[in-house]
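Read through the structure below, which is laid out as structure tokens, and then see the notes.
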Amino acid sequence: MTHLLEISNLSIDINGARVVEALSLAIDKGECLGIVGESGSGKSLTALAVLGLLPLAASVDAASAIRLVGTDITRLDDAAMRRFRGARVGIVFQDPMSCLNPFMKVGAQIVEAIRTHKPVSGADARRQAQNLLREVGIRDPERRFGAFPHELSGGQQQRVMIAMALSADPALLIADEPTTALDATVQHQILTLLKRLRAQRGMALMFISHDLGVVASIAERVAVMRHGRLVESGPVHDILAAPRHPYTRALIAARRRMVGGRTKGAGQAATTGGVVVEGLRIVYRAKHSLGRSFVAVDDVDLVIEPGQVMGLVGESGSGKSSIARALAGLARPDKGRIAMLGQEFTRQSWQIPRHLRGKRQIVFQNPTGALNPRLPISTQLAEPLNAIHGPTGQERVDRMIQLLAEVGLDESYLDRYPHEMSGGQKQRICIARALLSDPDVLICDEVVSSLDVTTQLQVLDLLASLRAKRGFSMLFIGHDLDVVAAVSDHIAVMHEGRIIETGTAADIIERPTNSYTRRLIDAMDAVRLPQDLSDDFHPGLLGHIETGVGATSFFAAG
């Protein structure tokens, strides 16, 4: 039988290091193959190899073969590959905003893709582009055709990327982490869209993700990769019901633990660190007279008890990060008050005394963007100590080493630069930096949303152990309700700038009262692993998921 895509003995080297080793996979016409694995497992490099888009430093072993519709693309020159790419295989990347040209209207970008592969007039290409926007579920495609990327939501941007990938009617569509950065409801919409398009067009789909639950919801077969090798493959149900490889078993167990168990621990007795928010309103005003103001947060009340964790969940644009910025002192509210650290903060009284500045800290979503790529970690950890006039000399170094140990890293990381670390390790550095000033309030804004599930669990366990030891209060923001519930005592649900429901984590998950909250839970249910298969997993496998980092760790930290 001839496969639509057949990868045989694929090996990829980057600067002499083997990153994909003897990989063999096949996809048939109309089939969906899911590829799952942690960051650095070789998933995306495999996809780029199929497209002929490997980085310049990468080389494919001469014994490798990638046959798509009978053509070995490893033997094509650049010109032939450009004709082949798009017409036979398309791709949807993880971050649409970084893939779309910010200076071109989205319609023009789709037209460009169409005319690259089809000999059609500009008017015909425009009609086809609008039809593609309509096909991928963009409302009012004639108007959205003239929009710039920044004028669309994350879900709309991803739909535009899908439209571009479909513009030349490819036989194979590669979706590389297309829903990782999206909230639960939009993720569900994109998965439903991909299923519908595959059925309507009869195309094959290679779906790449680090979340086995997402892969199981869309694929018939799954391939599990680790350290550049294929460790297991087969029908999705078979892999879930009877995984053979220890890594697959631990990967499934990690996701089940996050969904079915609470990683948090009770903090030590705390008399400070509580937060009270009353009537908070935050407005972002236009920078020119013709623009319109945007109300990001409207009349929000919130209480975080000392030593407790408040989870804040909602879709992109709901106002979660604006609240985080206000609590961190980075966004001045237009109305309302914030009481914490024995002080009251309003628009008129916004400055925090110097001796309290280190007592509220924030950890951002993107650790790569939060760290200066040109400075060693020692310099970046010294910054908060400089700000609060902390210890100097050897006492300062000892303090840094102590904090690194608390987050599972050793003193060798002081001399490293950010590019020398994985995503999970960089996030640990950001947490250590936030804790150097012994905060009473820690704000975590989507700190695990860009990490794979095993690293998510490591970071959640780390935060739980640190809170139990130090007793700080925490605002934990996320769009994944399972992740938020795993670490929170109480949860507040936000929608369109308002808090629409609050309660204990158990009440929100099991007994939601608001229709929007129920939709969030329904969207999460669609990508949860079937619970009736969980009896096959031995709890000892979870012991391999360590918070420390070292050669003996079952999972690399990040």
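In the structure tokens, each chain is lettered A, B, ... as it comes, each chain's residues begin at 1, and ligands are numbered from 1 in order of appearance.
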
List the neighbours of Thr368 in chain A out to 12 Å using only C-alpha atoms; skip same-chain residues closer than 6 positions along the sequence, and give me the result as a list of chain:residue names.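 Contacts, in chain order: A:Arg374, A:Tyr417, A:Pro418, A:His419, A:Glu420, A:Met421, A:Ser422, A:Gly423, A:Gly424, A:Gln425, A:Lys426, A:Gln427, A:Arg428, A:Ile429, A:Cys430, A:Val447, A:Ser450, A:Leu451.
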
DSSP on the backbone: what in range 120-190 of chain A comes out alpha helix (DSSP H), as an MDAnalysis selection string? chainID A and resid 122:135 141:144 154:166 184:190

Backbone DSSP call of strand (DSSP E or B) for range 279-463 of chain A, listed as a VMD selection string: chain A and resid 279 to 284 294 to 304 309 to 313 335 to 340 343 to 345 360 to 363 441 to 445

All residues 8 Å or closer to Leu442 in chain A, only C-alpha atoms, same chain fewer than 5 positions away omitted, as JSON, numbers by chain: {"A": [360, 361, 362, 363, 434, 472, 473, 474, 475]}

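The shortest atom-to-atom distance to Leu356 in chain A, with only C-alpha atoms taken into account, belongs to A:His389 out of A:Arg325, A:Arg144, A:His389, A:Arg83.
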
Using only C-alpha atoms, pick whichever of A:Leu460, A:Val493, A:Ala328, A:Val397 has the shortest atom-to-atom distance to Trp350 in chain A.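 The shortest atom-to-atom distance to Trp350 in chain A comes from A:Ala328.
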
Need the shell around Met164 in chain A: protein/DNA/RNA residues with any atom at most 9 Å away, counting only C-alpha atoms. Skip same-chain ones fewer than 4 positions apart. Format as a PDB file with N, CA and C atoms, in the first residue's frame?
```
ATOM      1  N   GLY A  90       0.758  21.955   3.521  1.00  0.00           N
ATOM      2  CA  GLY A  90       0.667  23.254   4.177  1.00  0.00           C
ATOM      3  C   GLY A  90       0.907  23.102   5.658  1.00  0.00           C
ATOM      4  N   ILE A  91       1.179  24.213   6.323  1.00  0.00           N
ATOM      5  CA  ILE A  91       1.467  24.151   7.752  1.00  0.00           C
ATOM      6  C   ILE A  91       0.808  25.304   8.484  1.00  0.00           C
ATOM      7  N   VAL A  92       0.383  25.021   9.713  1.00  0.00           N
ATOM      8  CA  VAL A  92      -0.148  26.023  10.632  1.00  0.00           C
ATOM      9  C   VAL A  92       0.750  26.001  11.859  1.00  0.00           C
ATOM     10  N   GLN A 109      -2.532  38.867   2.414  1.00  0.00           N
ATOM     11  CA  GLN A 109      -1.605  37.764   2.676  1.00  0.00           C
ATOM     12  C   GLN A 109      -2.150  36.439   2.141  1.00  0.00           C
ATOM     13  N   ILE A 110      -3.472  36.260   2.242  1.00  0.00           N
ATOM     14  CA  ILE A 110      -4.071  35.044   1.680  1.00  0.00           C
ATOM     15  C   ILE A 110      -4.027  35.085   0.154  1.00  0.00           C
ATOM     16  N   VAL A 111      -4.310  36.256  -0.428  1.00  0.00           N
ATOM     17  CA  VAL A 111      -4.245  36.408  -1.890  1.00  0.00           C
ATOM     18  C   VAL A 111      -2.833  36.095  -2.388  1.00  0.00           C
ATOM     19  N   ALA A 113      -0.679  34.087  -1.055  1.00  0.00           N
ATOM     20  CA  ALA A 113      -0.481  32.638  -0.999  1.00  0.00           C
ATOM     21  C   ALA A 113      -1.187  31.933  -2.158  1.00  0.00           C
ATOM     22  N   ILE A 114      -2.376  32.401  -2.494  1.00  0.00           N
ATOM     23  CA  ILE A 114      -3.132  31.791  -3.593  1.00  0.00           C
ATOM     24  C   ILE A 114      -2.417  31.984  -4.920  1.00  0.00           C
ATOM     25  N   ALA A 129     -10.044  34.040  -1.518  1.00  0.00           N
ATOM     26  CA  ALA A 129      -9.593  34.355  -0.160  1.00  0.00           C
ATOM     27  C   ALA A 129     -10.778  34.588   0.766  1.00  0.00           C
ATOM     28  N   LEU A 132     -12.309  31.327   1.564  1.00  0.00           N
ATOM     29  CA  LEU A 132     -11.512  30.601   2.558  1.00  0.00           C
ATOM     30  C   LEU A 132     -11.770  31.145   3.955  1.00  0.00           C
ATOM     31  N   ARG A 159      -7.279  31.147  12.594  1.00  0.00           N
ATOM     32  CA  ARG A 159      -8.156  30.778  11.479  1.00  0.00           C
ATOM     33  C   ARG A 159      -7.612  31.339  10.161  1.00  0.00           C
ATOM     34  N   VAL A 160      -7.056  32.545  10.201  1.00  0.00           N
ATOM     35  CA  VAL A 160      -6.439  33.116   9.001  1.00  0.00           C
ATOM     36  C   VAL A 160      -5.256  32.261   8.561  1.00  0.00           C
ATOM     37  N   ALA A 168      -3.835  26.479  -1.353  1.00  0.00           N
ATOM     38  CA  ALA A 168      -3.443  25.739  -2.566  1.00  0.00           C
ATOM     39  C   ALA A 168      -3.953  24.300  -2.543  1.00  0.00           C
TER      40      ALA A 168
END
```

I'd like the contact shell of Arg201 in chain A - 9 Å cut-off, only C-alpha atoms, skipping same-chain residues fewer than 4 positions apart - returned as number ranges by chain. A: 30, 169, 171, 196-197

Filtering to all heavy atoms, could you give me those residues as a PDB file, in the first residue's frame?
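Ended up saving to result20.pdb:
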```pdb
ATOM      1  N   GLY A  30      -6.404  11.182   4.067  1.00  0.00           N
ATOM      2  CA  GLY A  30      -7.555  11.422   4.920  1.00  0.00           C
ATOM      3  C   GLY A  30      -7.361  11.082   6.379  1.00  0.00           C
ATOM      4  O   GLY A  30      -8.264  11.274   7.193  1.00  0.00           O
ATOM      5  N   ASP A 169      -4.954  24.042  -1.713  1.00  0.00           N
ATOM      6  CA  ASP A 169      -5.569  22.699  -1.631  1.00  0.00           C
ATOM      7  C   ASP A 169      -4.542  21.599  -1.375  1.00  0.00           C
ATOM      8  O   ASP A 169      -4.405  20.654  -2.161  1.00  0.00           O
ATOM      9  CB  ASP A 169      -6.355  22.387  -2.907  1.00  0.00           C
ATOM     10  CG  ASP A 169      -7.458  23.391  -3.171  1.00  0.00           C
ATOM     11  OD1 ASP A 169      -8.197  23.706  -2.221  1.00  0.00           O
ATOM     12  OD2 ASP A 169      -7.562  23.869  -4.311  1.00  0.00           O
ATOM     13  N   ALA A 171      -2.643  18.250  -0.012  1.00  0.00           N
ATOM     14  CA  ALA A 171      -3.089  16.895   0.342  1.00  0.00           C
ATOM     15  C   ALA A 171      -2.813  16.601   1.812  1.00  0.00           C
ATOM     16  O   ALA A 171      -3.468  15.743   2.411  1.00  0.00           O
ATOM     17  CB  ALA A 171      -2.374  15.867  -0.536  1.00  0.00           C
ATOM     18  N   ARG A 196     -13.608  19.310  10.891  1.00  0.00           N
ATOM     19  CA  ARG A 196     -14.561  19.541   9.813  1.00  0.00           C
ATOM     20  C   ARG A 196     -13.858  19.712   8.471  1.00  0.00           C
ATOM     21  O   ARG A 196     -14.275  19.126   7.456  1.00  0.00           O
ATOM     22  CB  ARG A 196     -15.414  20.765  10.132  1.00  0.00           C
ATOM     23  CG  ARG A 196     -16.377  21.167   9.005  1.00  0.00           C
ATOM     24  CD  ARG A 196     -17.294  22.289   9.424  1.00  0.00           C
ATOM     25  NE  ARG A 196     -16.603  23.507   9.770  1.00  0.00           N
ATOM     26  CZ  ARG A 196     -16.148  24.394   8.885  1.00  0.00           C
ATOM     27  NH1 ARG A 196     -16.285  24.159   7.579  1.00  0.00           N
ATOM     28  NH2 ARG A 196     -15.552  25.502   9.279  1.00  0.00           N
ATOM     29  N   LEU A 197     -12.800  20.493   8.450  1.00  0.00           N
ATOM     30  CA  LEU A 197     -12.078  20.719   7.203  1.00  0.00           C
ATOM     31  C   LEU A 197     -11.475  19.423   6.665  1.00  0.00           C
ATOM     32  O   LEU A 197     -11.486  19.170   5.456  1.00  0.00           O
ATOM     33  CB  LEU A 197     -10.982  21.761   7.415  1.00  0.00           C
ATOM     34  CG  LEU A 197     -11.454  23.195   7.677  1.00  0.00           C
ATOM     35  CD1 LEU A 197     -10.269  24.072   8.080  1.00  0.00           C
ATOM     36  CD2 LEU A 197     -12.152  23.770   6.448  1.00  0.00           C
TER      37      LEU A 197
END
```

List as a ChimeraX atom specification the protein and nucleic acid residues near Gly317 in chain A, meaning an atom at most 10 Å away when only C-alpha atoms are counted, but skip any in the same chain fewer than 4 places from it. /A:153-154,296-297,321-322,494-497

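When the distance limit is 8 Å and only C-alpha atoms are what count, the residues near range 235-244 of chain A, minus those fewer than 4 positions from it on the same chain, are Ala216, Ala219, Glu220, Arg221, Val222, Thr248, Arg249, Ile252, Leu533 and Asp536 of chain A.
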
Return the single residue from A:Glu305, A:Asp334, A:Asp440, A:Asp480 that is closest to Ile521 in chain A, with distances computed using only C-alpha atoms. A:Asp480
